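Participant: The file below is run28.txt, compact mmCIF, C-alpha atoms:
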# COMPACT_ATOMS: atom_id res chain seq x y z
CA MET A 67 8.76 -48.58 40.95
CA LEU A 68 8.34 -44.89 41.77
CA LEU A 69 11.50 -43.98 39.94
CA SER A 70 10.90 -46.23 36.96
CA SER A 71 7.35 -44.99 36.45
CA ALA A 72 8.53 -41.38 36.78
CA LEU A 73 11.22 -41.99 34.16
CA LEU A 74 8.90 -43.75 31.75
CA ILE A 75 6.21 -41.08 31.87
CA LEU A 76 8.89 -38.38 31.68
CA GLN A 77 10.27 -39.87 28.46
CA GLU A 78 6.88 -39.89 26.76
CA THR A 79 5.88 -36.47 28.07
CA LEU A 80 9.17 -34.84 27.06
CA GLU A 81 8.65 -35.47 23.36
CA ILE A 82 5.13 -34.07 23.51
CA ALA A 83 6.10 -31.06 25.64
CA LEU A 84 9.16 -30.13 23.56
CA LEU A 85 7.27 -30.26 20.25
CA ALA A 86 4.39 -28.31 21.76
CA SER A 87 6.73 -25.60 23.02
CA MET A 88 8.56 -25.27 19.68
CA LEU A 89 5.24 -24.88 17.86
CA ALA A 90 3.85 -22.55 20.53
CA ALA A 91 6.92 -20.31 20.39
CA LEU A 92 6.53 -19.96 16.62
CA SER A 93 2.81 -19.40 16.99
CA GLN A 94 3.41 -16.64 19.53
CA ARG A 95 6.04 -14.97 17.37
CA LEU A 96 3.74 -15.03 14.33
CA ALA A 97 0.85 -13.57 16.35
CA HIS A 98 -1.42 -16.57 15.89
CA ARG A 99 -4.02 -17.50 18.45
CA MET A 100 -3.10 -20.43 20.68
CA VAL A 101 -6.47 -22.19 20.45
CA TRP A 102 -4.93 -24.73 18.05
CA MET A 103 -3.22 -26.24 21.09
CA LEU A 104 -6.58 -27.20 22.57
CA PHE A 105 -7.63 -28.91 19.35
CA GLY A 106 -4.28 -30.69 19.18
CA MET A 107 -4.46 -31.90 22.78
CA PHE A 108 -8.07 -33.04 22.50
CA GLY A 109 -7.51 -34.77 19.18
CA GLY A 110 -4.30 -36.30 20.47
CA PHE A 111 -6.00 -37.70 23.54
CA ILE A 112 -8.69 -39.31 21.37
CA LEU A 113 -6.08 -40.76 19.02
CA ALA A 114 -4.02 -42.10 21.95
CA LEU A 115 -7.11 -43.71 23.45
CA LEU A 116 -8.11 -45.32 20.15
CA TYR A 117 -4.60 -46.65 19.59
CA ALA A 118 -4.27 -47.97 23.15
CA LEU A 119 -7.67 -49.67 23.12
CA ASN A 120 -6.95 -51.39 19.82
CA LEU A 121 -3.29 -52.19 20.43
CA GLY A 122 -3.87 -55.94 20.36
CA THR A 123 -5.66 -55.89 17.02
CA ILE A 124 -3.20 -53.45 15.46
CA SER A 125 -0.20 -55.48 16.67
CA ASP A 126 -1.49 -58.54 14.80
CA TRP A 127 -1.68 -56.76 11.42
CA PHE A 128 0.93 -57.43 8.74
CA ASP A 129 2.10 -60.69 10.33
CA TYR A 130 2.46 -59.37 13.89
CA VAL A 131 4.33 -56.17 12.97
CA GLY A 132 1.28 -53.90 12.79
CA GLN A 133 2.45 -51.85 15.78
CA GLU A 134 5.72 -50.96 14.05
CA VAL A 135 3.88 -50.05 10.85
CA ALA A 136 1.37 -47.91 12.76
CA ASN A 137 4.13 -46.13 14.71
CA ALA A 138 6.18 -45.52 11.57
CA SER A 139 3.11 -44.15 9.79
CA ILE A 140 2.27 -41.72 12.57
CA GLN A 141 5.86 -40.54 12.89
CA SER A 142 6.36 -40.12 9.14
CA THR A 143 3.10 -38.22 8.81
CA LEU A 144 4.20 -35.96 11.66
CA ALA A 145 7.51 -35.35 9.88
CA MET A 146 5.56 -34.48 6.72
CA PHE A 147 3.46 -31.87 8.52
CA LEU A 148 6.62 -30.34 10.00
CA PHE A 149 7.92 -30.12 6.44
CA LEU A 150 4.73 -28.29 5.39
CA LEU A 151 4.91 -25.86 8.30
CA PRO A 152 7.58 -23.46 6.92
CA TRP A 153 5.38 -22.85 3.87
CA THR A 154 2.75 -21.37 6.19
CA ILE A 155 5.19 -19.13 8.04
CA PHE A 156 6.66 -17.07 5.27
CA ARG A 157 3.62 -17.00 3.00
CA GLN A 158 2.58 -13.47 3.72
CA SER A 159 4.64 -10.44 2.91
CA HIS A 160 5.66 -8.37 5.93
CA ALA A 161 3.22 -5.57 5.20
CA SER A 162 0.11 -7.69 5.47
CA ILE A 163 0.99 -9.89 8.46
CA HIS A 164 -1.41 -7.99 10.74
CA GLU A 165 -4.07 -7.44 8.11
CA ALA A 166 -5.04 -11.10 7.60
CA PRO A 167 -8.78 -10.94 6.87
CA ARG A 168 -11.11 -13.20 8.80
CA THR A 169 -12.77 -15.24 6.07
CA ILE A 170 -15.38 -18.00 6.25
CA PHE A 171 -12.54 -20.39 7.12
CA PRO A 172 -10.79 -18.31 9.74
CA TYR A 173 -8.05 -20.66 10.85
CA HIS A 174 -4.69 -19.99 9.37
CA LEU A 175 -2.99 -23.01 7.80
CA PHE A 176 -0.17 -22.76 10.34
CA GLU A 177 -2.61 -23.32 13.18
CA ILE A 178 -4.15 -26.33 11.44
CA PHE A 179 -0.79 -27.97 10.74
CA ALA A 180 0.43 -27.21 14.26
CA ALA A 181 -2.71 -28.75 15.76
CA ILE A 182 -2.35 -31.87 13.62
CA SER A 183 1.33 -32.21 14.54
CA LEU A 184 0.51 -31.94 18.23
CA MET A 185 -2.33 -34.44 17.81
CA LEU A 186 -0.02 -36.97 16.15
CA VAL A 187 2.73 -36.74 18.78
CA ILE A 188 0.24 -37.00 21.64
CA GLY A 189 -1.44 -39.93 19.89
CA ARG A 190 1.82 -41.78 19.49
CA GLU A 191 3.44 -41.11 22.90
CA GLY A 192 0.19 -40.84 24.84
CA SER A 193 -0.96 -44.29 23.76
CA GLU A 194 2.02 -45.80 25.53
CA ILE A 195 1.21 -43.87 28.71
CA ILE A 196 -2.37 -45.12 28.58
CA VAL A 197 -1.32 -48.75 28.02
CA TYR A 198 1.19 -48.51 30.88
CA LEU A 199 -1.24 -46.98 33.37
CA ASP A 200 -4.09 -49.26 32.32
CA GLY A 201 -1.91 -52.31 33.03
CA PHE A 202 -1.34 -51.19 36.61
CA LEU A 203 -4.98 -50.19 37.11
CA GLN A 204 -5.90 -53.79 36.32
CA GLN A 205 -3.19 -55.16 38.56
CA GLY A 206 -4.15 -53.21 41.69
CA GLY A 207 -1.13 -53.57 43.97
CA GLN A 208 1.32 -50.85 43.00
CA ILE A 209 -1.08 -48.45 41.37
CA LYS A 210 -0.65 -45.70 43.99
CA THR A 211 3.14 -45.69 43.65
CA VAL A 212 2.85 -45.78 39.88
CA LEU A 213 0.40 -42.87 39.82
CA VAL A 214 2.59 -40.74 42.08
CA GLY A 215 5.66 -41.54 40.04
CA SER A 216 3.82 -40.87 36.80
CA SER A 217 2.61 -37.49 38.05
CA ILE A 218 6.15 -36.55 38.99
CA GLY A 219 7.47 -37.61 35.59
CA PHE A 220 4.63 -35.80 33.83
CA SER A 221 5.25 -32.60 35.78
CA ILE A 222 8.96 -32.63 35.01
CA GLY A 223 8.22 -33.14 31.33
CA ILE A 224 5.72 -30.30 31.19
CA SER A 225 8.14 -28.04 33.08
CA ALA A 226 10.84 -28.79 30.53
CA GLY A 227 8.39 -27.75 27.82
CA PHE A 228 7.63 -24.45 29.53
CA LEU A 229 11.35 -23.80 30.03
CA LEU A 230 12.00 -24.31 26.34
CA PHE A 231 9.01 -22.14 25.39
CA TYR A 232 10.15 -19.18 27.49
CA ALA A 233 13.73 -19.59 26.31
CA LEU A 234 12.55 -19.49 22.68
CA ILE A 235 10.28 -16.45 22.98
CA GLU A 236 13.02 -14.51 24.77
CA LEU A 237 15.35 -14.89 21.80
CA PRO A 238 16.34 -11.71 19.97
CA ARG A 239 14.19 -10.90 16.94
CA LYS A 240 16.92 -12.00 14.56
CA TRP A 241 16.74 -15.59 15.78
CA ASP A 242 13.24 -16.07 17.06
CA ILE A 243 11.94 -17.74 13.90
CA ALA A 244 15.16 -19.45 12.79
CA VAL A 245 15.87 -21.26 16.07
CA PRO A 246 12.41 -22.85 16.48
CA ILE A 247 12.56 -23.92 12.84
CA LEU A 248 15.98 -25.46 13.41
CA LEU A 249 14.62 -27.37 16.41
CA LEU A 250 11.59 -28.49 14.41
CA ALA A 251 13.91 -29.67 11.63
CA MET A 252 15.80 -31.84 14.10
CA PHE A 253 12.50 -33.10 15.52
CA ALA A 254 11.37 -34.06 12.02
CA GLY A 255 14.68 -35.85 11.49
CA ASN A 256 14.13 -37.66 14.78
CA MET A 257 10.65 -38.74 13.65
CA LEU A 258 11.92 -40.16 10.37
CA SER A 259 14.81 -41.86 12.15
CA GLN A 260 12.42 -43.49 14.63
CA SER A 261 10.15 -44.53 11.74
CA SER A 262 13.05 -46.25 10.04
CA ALA A 263 14.02 -47.96 13.31
CA GLN A 264 10.47 -49.31 13.62
CA LEU A 265 10.51 -50.63 10.06
CA ILE A 266 13.92 -52.24 10.60
CA GLN A 267 12.47 -53.91 13.69
CA ALA A 268 9.60 -55.19 11.54
CA ASP A 269 12.04 -56.45 8.91
CA TRP A 270 10.48 -54.18 6.30
CA LEU A 271 13.81 -52.37 5.99
CA PRO A 272 17.20 -54.14 6.08
CA SER A 273 19.26 -54.04 9.25
CA THR A 274 22.72 -52.52 8.86
CA PRO A 275 25.57 -52.30 11.37
CA ALA A 276 25.71 -49.29 13.67
CA LEU A 277 27.50 -46.30 12.18
CA TRP A 278 28.91 -45.26 15.52
CA ASP A 279 28.69 -46.24 19.17
CA THR A 280 28.81 -43.31 21.57
CA SER A 281 27.19 -45.20 24.44
CA GLY A 282 30.51 -44.85 26.26
CA TRP A 283 30.21 -41.06 26.17
CA ILE A 284 26.48 -40.43 26.53
CA SER A 285 24.49 -43.53 27.34
CA GLU A 286 20.87 -43.58 26.18
CA ASN A 287 20.11 -44.80 29.69
CA SER A 288 21.32 -41.56 31.32
CA ILE A 289 19.35 -38.37 31.98
CA MET A 290 21.42 -36.46 29.44
CA GLY A 291 20.89 -39.24 26.92
CA GLN A 292 17.12 -39.20 27.42
CA LEU A 293 16.96 -35.41 27.15
CA LEU A 294 19.05 -35.37 23.99
CA TYR A 295 16.95 -38.19 22.57
CA ALA A 296 13.73 -36.23 23.05
CA LEU A 297 15.19 -32.92 21.89
CA ILE A 298 17.36 -33.83 18.91
CA GLY A 299 16.87 -37.56 18.46
CA TYR A 300 20.22 -38.64 19.88
CA GLU A 301 21.01 -42.30 19.27
CA ALA A 302 24.06 -44.01 20.78
CA ASN A 303 24.38 -46.63 18.04
CA PRO A 304 22.21 -45.81 15.04
CA SER A 305 22.23 -47.83 11.83
CA LEU A 306 23.04 -46.24 8.49
CA ILE A 307 19.38 -46.10 7.48
CA GLN A 308 18.43 -44.31 10.70
CA VAL A 309 21.12 -41.69 10.18
CA ALA A 310 20.15 -41.24 6.53
CA ALA A 311 16.50 -40.84 7.50
CA TYR A 312 17.42 -38.28 10.16
CA VAL A 313 19.51 -36.21 7.77
CA ALA A 314 16.80 -36.39 5.10
CA GLY A 315 14.08 -35.26 7.48
CA ALA A 316 16.05 -32.38 8.98
CA ALA A 317 17.36 -31.25 5.59
CA ALA A 318 13.87 -31.30 4.08
CA VAL A 319 12.47 -28.99 6.76
CA LEU A 320 15.47 -26.63 6.58
CA LEU A 321 15.28 -26.48 2.80
CA ALA A 322 11.55 -25.82 2.97
CA ALA A 323 12.18 -22.91 5.34
CA ILE A 324 14.95 -21.45 3.18
CA ILE A 325 12.95 -21.72 -0.04
CA ALA A 326 9.74 -20.40 1.55
CA LYS A 327 11.59 -17.44 3.04
CA TYR A 328 13.26 -16.69 -0.28
CA GLN A 329 9.90 -16.82 -2.07
CA SER A 330 8.20 -14.55 0.44
CA ALA A 331 11.02 -12.00 0.32
CA ARG A 332 10.55 -11.78 -3.43
CA ASN A 333 6.90 -10.91 -2.89
CA LEU A 334 7.57 -7.85 -0.77
CA PRO A 335 6.07 -4.65 -2.15
CA PRO A 336 8.70 -2.26 -3.52
CA ALA A 337 10.14 0.07 -0.81
CA MET B 72 21.92 -65.75 -29.08
CA LYS B 73 25.04 -66.97 -27.26
CA ILE B 74 24.94 -63.78 -25.17
CA PHE B 75 21.80 -65.01 -23.44
CA LEU B 76 23.37 -68.35 -22.37
CA ARG B 77 25.05 -66.63 -19.45
CA PHE B 78 21.68 -65.88 -17.89
CA ILE B 79 20.55 -69.52 -17.78
CA PRO B 80 22.16 -70.41 -14.40
CA GLY B 81 20.54 -67.34 -12.82
CA LEU B 82 17.15 -68.18 -14.27
CA LEU B 83 17.46 -71.77 -13.05
CA ALA B 84 18.20 -70.43 -9.56
CA LEU B 85 14.78 -68.78 -9.56
CA LEU B 86 13.28 -72.26 -9.72
CA LEU B 87 14.90 -73.16 -6.37
CA PRO B 88 12.16 -73.77 -3.84
CA SER B 89 12.39 -71.23 -1.01
CA SER B 90 12.47 -74.04 1.57
CA LEU B 91 16.06 -74.74 0.53
CA LEU B 92 17.13 -71.21 1.51
CA PRO B 93 18.40 -70.77 5.09
CA ALA B 94 15.41 -69.84 7.29
CA THR B 95 15.49 -67.10 9.89
CA PRO B 96 15.98 -68.78 13.27
CA VAL B 97 13.07 -68.23 15.64
CA ILE B 98 13.73 -67.89 19.36
CA GLU B 99 10.91 -67.90 21.89
CA ILE B 100 10.94 -65.83 25.04
CA GLU B 101 8.14 -65.90 27.58
CA ILE B 102 7.13 -63.07 29.86
CA ARG B 103 5.69 -64.53 33.04
CA ASP B 104 5.30 -62.84 36.43
CA HIS B 105 7.16 -59.83 35.01
CA LEU B 106 10.21 -61.97 34.21
CA PHE B 107 11.80 -62.92 30.92
CA LEU B 108 12.11 -66.69 30.59
CA PRO B 109 14.77 -67.58 29.57
CA SER B 110 16.65 -64.48 30.69
CA GLU B 111 19.78 -65.38 28.75
CA VAL B 112 19.23 -66.14 25.11
CA ILE B 113 21.96 -67.44 22.83
CA VAL B 114 21.64 -66.51 19.17
CA PRO B 115 23.95 -67.17 16.23
CA ALA B 116 26.11 -64.13 15.44
CA ASN B 117 25.87 -62.32 12.10
CA THR B 118 22.43 -63.80 11.46
CA LYS B 119 19.03 -62.18 11.40
CA VAL B 120 16.96 -63.69 14.21
CA LYS B 121 13.23 -63.55 14.85
CA LEU B 122 12.25 -63.21 18.50
CA LEU B 123 8.81 -64.58 19.34
CA ILE B 124 7.83 -63.03 22.63
CA LYS B 125 4.84 -64.48 24.44
CA ASN B 126 3.42 -62.41 27.25
CA THR B 127 1.44 -64.77 29.46
CA ASP B 128 0.88 -62.10 32.11
CA PRO B 129 -2.53 -60.40 32.13
CA THR B 130 -0.86 -56.97 31.95
CA PRO B 131 1.23 -55.45 29.15
CA GLU B 132 5.02 -55.21 29.07
CA GLU B 133 7.39 -53.27 26.86
CA PHE B 134 10.39 -55.12 25.47
CA GLU B 135 13.19 -52.57 25.18
CA SER B 136 16.91 -52.66 24.48
CA TYR B 137 19.17 -49.67 23.83
CA GLU B 138 21.99 -51.87 22.53
CA LEU B 139 19.70 -53.64 20.06
CA ASN B 140 17.72 -50.46 19.24
CA ARG B 141 14.45 -52.28 19.72
CA GLU B 142 11.30 -51.40 21.62
CA LYS B 143 7.80 -52.81 21.44
CA VAL B 144 4.76 -52.88 23.67
CA ILE B 145 3.32 -56.37 24.12
CA GLY B 146 -0.21 -56.52 25.46
CA GLY B 147 -1.32 -58.91 28.16
CA GLN B 148 -1.90 -62.47 26.90
CA SER B 149 -0.37 -61.58 23.54
CA THR B 150 2.47 -62.58 21.27
CA ALA B 151 4.85 -60.23 19.51
CA VAL B 152 7.47 -60.58 16.81
CA ILE B 153 10.73 -58.61 16.89
CA PHE B 154 13.56 -59.02 14.38
CA ILE B 155 17.12 -58.51 15.61
CA GLY B 156 20.49 -58.83 14.00
CA PRO B 157 22.71 -59.51 12.20
CA LEU B 158 24.62 -59.00 15.46
CA THR B 159 28.36 -59.02 15.95
CA PRO B 160 29.42 -61.40 18.76
CA GLY B 161 28.74 -59.89 22.16
CA GLU B 162 26.23 -59.29 24.91
CA TYR B 163 23.10 -57.26 24.31
CA PRO B 164 21.01 -56.59 27.43
CA PHE B 165 17.27 -56.01 27.22
CA PHE B 166 14.64 -55.17 29.81
CA GLY B 167 10.92 -54.79 30.33
CA GLU B 168 10.34 -51.07 30.63
CA PHE B 169 7.11 -51.46 32.55
CA HIS B 170 8.80 -53.62 35.23
CA PRO B 171 12.50 -52.84 34.82
CA LYS B 172 13.61 -54.17 38.21
CA THR B 173 12.53 -57.74 37.52
CA ALA B 174 12.21 -58.10 33.78
CA GLN B 175 15.80 -58.23 32.64
CA GLY B 176 17.66 -60.39 30.22
CA LYS B 177 20.39 -60.48 27.65
CA ILE B 178 21.01 -61.74 24.18
CA LEU B 179 24.35 -63.49 23.70
CA ALA B 180 25.45 -63.50 20.10
CA GLN B 181 27.98 -66.27 19.48
Render the structure in this file as structure tokens.
Facilitator:
Amino acid sequence: MLLSSALLILQETLEIALLASMLAALSQRLAHRMVWMLFGMFGGFILALLYALNLGTISDWFDYVGQEVANASIQSTLAMFLFLLPWTIFRQSHASIHEAPRTIFPYHLFEIFAAISLMLVIGREGSEIIVYLDGFLQQGGQIKTVLVGSSIGFSIGISAGFLLFYALIELPRKWDIAVPILLLAMFAGNMLSQSSAQLIQADWLPSTPALWDTSGWISENSIMGQLLYALIGYEANPSLIQVAAYVAGAAAVLLAAIIAKYQSARNLPPA
Amino acid sequence: MKIFLRFIPGLLALLLPSSLLPATPVIEIEIRDHLFLPSEVIVPANTKVKLLIKNTDPTPEEFESYELNREKVIGGQSTAVIFIGPLTPGEYPFFGEFHPKTAQGKILAQ
């Protein structure tokens, strides 16, 4: 039970921690304040609590597939905000990046979108943690083991996030915006792919045969499989729709970054 | 006018009552004492199947399967619906992620 609770909490925490570190690395590089993280974490905790407390009611919606619809909605919305993010990175020309005036509405759009993204991922993954822990709190018996295991899993997940953050901010200047954006693009693809999987499960989207089966090479049940799943959305046997959704999500974010960068470069003052 | 005659069979098909169409088979699985009952479920291959999972435990469980690409949290004293398939013939294990040591089962598509 110790190991299984550690693994479960690790899985949920990894997705949160990795997204948080990608956004934080970008935020650091763009000289934004980090206070958006607090808003994201607080909002995410509230959202997770609301979802967990109302899980029964939500699951009964839409003919007993409300949970899938809710998950797909949260994940697609998260993917949408990751698509909007590049437009807030390259908006300013290089000359004015340190001259941003503090207006009546002082928060830069990047910080708002980053906070919302963090809130959504914590809401989605955190709700499962809350439901899991609440079940054992009611049960009594194994709660101590479960709490210890959960703390271990949580700590490992958070550590992985810090590792990624420090790796990203140590990148040479040439890559320190491009690499986080690439990772965010894959995360967005992962979110859309998971959304489509939820809707297939709900029979709102048709089920198609798996495009490939790499479970012989990297099983989703292994540590490497879990890490790759959280980082880039690795699936051992995805259906066509899942793959298409992944490619669409990742491509959309990459295109947004390329177009936004191109537009901002054109706005540079003449040398 | 004769061109439209070819559409008559199709239009008549729309009048078919939906009860004549093959229904999605429904299979019930119960979660009791952190076990899946029955733990081996036989489903027709190449057919979409609706799993009706009834959790009679007071605590929640998560039905998960990597092979089937399905995962869903089922609250205590609740029922959940999960669609699987069409599956090629084979074995597809599933487990309860909240109690993985005891809650194990497999779908046999035949």
Participant: Would you please work out which residue, of B:Ala180, B:Ile113, B:Leu123, B:Leu76, is nearest to Ser149 (chain B) when using all atoms listed in the file?
Facilitator: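 Of B:Ala180, B:Ile113, B:Leu123, B:Leu76, the one nearest Ser149 (chain B) is B:Leu123, counting all atoms listed in the file.
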Participant: Per residue of chain B within 8 Å of chain A, record the nearest atom pair and its distance in Å to one decimal, counting only C-alpha atoms, with rows in chain order and ascending residue number, as a tab-separated table.
Facilitator:
residue	atom	partner	partner_atom	distance
B:Thr130	CA	A:Gly201	CA	4.9
B:Pro131	CA	A:Gly201	CA	5.9
B:Glu132	CA	A:Tyr198	CA	7.9
B:Tyr137	CA	A:Glu286	CA	6.7
B:Glu138	CA	A:Asn303	CA	7.3
B:Asn140	CA	A:Ala263	CA	7.4
B:Arg141	CA	A:Gln267	CA	6.6
B:Lys143	CA	A:Gln133	CA	7.8
B:Val144	CA	A:Glu194	CA	7.8
B:Gly146	CA	A:Gly122	CA	6.3
B:Ser149	CA	A:Gly122	CA	7.4
B:Ala151	CA	A:Tyr130	CA	6.2
B:Val152	CA	A:Tyr130	CA	5.9
B:Ile153	CA	A:Gln267	CA	5.9
B:Phe154	CA	A:Gln267	CA	5.3
B:Ile155	CA	A:Gln267	CA	6.8
B:Gly156	CA	A:Ser273	CA	6.9
B:Pro157	CA	A:Ser273	CA	7.1
B:Leu158	CA	A:Pro275	CA	7.9
B:Glu168	CA	A:Leu74	CA	7.5
B:Phe169	CA	A:Tyr198	CA	6.8
B:His170	CA	A:Met67	CA	7.6
B:Pro171	CA	A:Ser70	CA	7.1
B:Lys172	CA	A:Met67	CA	7.9
Participant: Restricting it to C-alpha atoms, dump the selection as a CSV table (one decimal), in the frame of the given file.
Facilitator:
chain,number,residue,atom,x,y,z
B,130,THR,CA,-0.9,-57.0,32.0
B,131,PRO,CA,1.2,-55.4,29.2
B,132,GLU,CA,5.0,-55.2,29.1
B,137,TYR,CA,19.2,-49.7,23.8
B,138,GLU,CA,22.0,-51.9,22.5
B,140,ASN,CA,17.7,-50.5,19.2
B,141,ARG,CA,14.4,-52.3,19.7
B,143,LYS,CA,7.8,-52.8,21.4
B,144,VAL,CA,4.8,-52.9,23.7
B,146,GLY,CA,-0.2,-56.5,25.5
B,149,SER,CA,-0.4,-61.6,23.5
B,151,ALA,CA,4.8,-60.2,19.5
B,152,VAL,CA,7.5,-60.6,16.8
B,153,ILE,CA,10.7,-58.6,16.9
B,154,PHE,CA,13.6,-59.0,14.4
B,155,ILE,CA,17.1,-58.5,15.6
B,156,GLY,CA,20.5,-58.8,14.0
B,157,PRO,CA,22.7,-59.5,12.2
B,158,LEU,CA,24.6,-59.0,15.5
B,168,GLU,CA,10.3,-51.1,30.6
B,169,PHE,CA,7.1,-51.5,32.6
B,170,HIS,CA,8.8,-53.6,35.2
B,171,PRO,CA,12.5,-52.8,34.8
B,172,LYS,CA,13.6,-54.2,38.2
Participant: When you draw a straight line from CA of Leu213 (chain A) to CA of Leu69 (chain A), how long is it in Å?
Facilitator: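 Atom-to-atom, CA of Leu213 (chain A) to CA of Leu69 (chain A), that is 11.2 Å.
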Participant: Would you compute the box with edges along x, y and z of the file around region 143-157 of chain B, including every atom the file lists for it and 8 Å extra on each side, and give its centre and edge lengths in Å to one decimal, as lines of an AutoDock Vina configuration file?
Facilitator:
center_x = 10.4
center_y = -57.7
center_z = 20.2
size_x = 40.6
size_y = 25.8
size_z = 32.0
Participant: Please compute the CA of Gln181 (chain B)-CA of Leu139 (chain B) distance, one decimal, in Å.
Facilitator: 15.1 Å
Participant: What does the structure give for the distance between CA of Lys125 (chain B) and CA of Ile145 (chain B), in Å to one decimal?
Facilitator: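 We find that CA of Lys125 (chain B) and CA of Ile145 (chain B) lie 8.3 Å from each other.
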Participant: Which one is closest to Asp104 (chain B): B:Pro160, B:Pro129, B:Pro80, B:Gly176? Count only C-alpha atoms.
Facilitator: B:Pro129
Participant: Which neighbours of Glu236 (chain A) fall inside 12 Å, counting only C-alpha atoms, when residues of the same chain fewer than 3 positions from it are skipped, and could you give them as a ChimeraX atom specification?
Facilitator: /A:91-92,94-95,229-233,239-243,245-246
Participant: Please identify all polymer residues lying at most 12 Å from the point (18.3, -35.5, 23.6) (file coordinates), using all atoms listed in the file, and present the result as a PyMOL selection string.
Facilitator: chain A and resi 77+80-81+84+249+252-253+256+284-302
Participant: Skipping near chain neighbours, those fewer than 5 positions away, what residues fall within 12 Å of Ile178 (chain B) using all atoms listed in the file, listed as a list in words?
Facilitator: Ile98, Ile100, Phe107, Pro109, Ser110, Glu111, Val112, Ile113, Val114, Pro115, Ala116, Val120, Leu122, Ser136, Glu138, Leu139, Ile155, Gly156, Leu158, Thr159, Pro160, Gly161, Glu162, Tyr163, Pro164, Phe165 and Phe166 of chain B
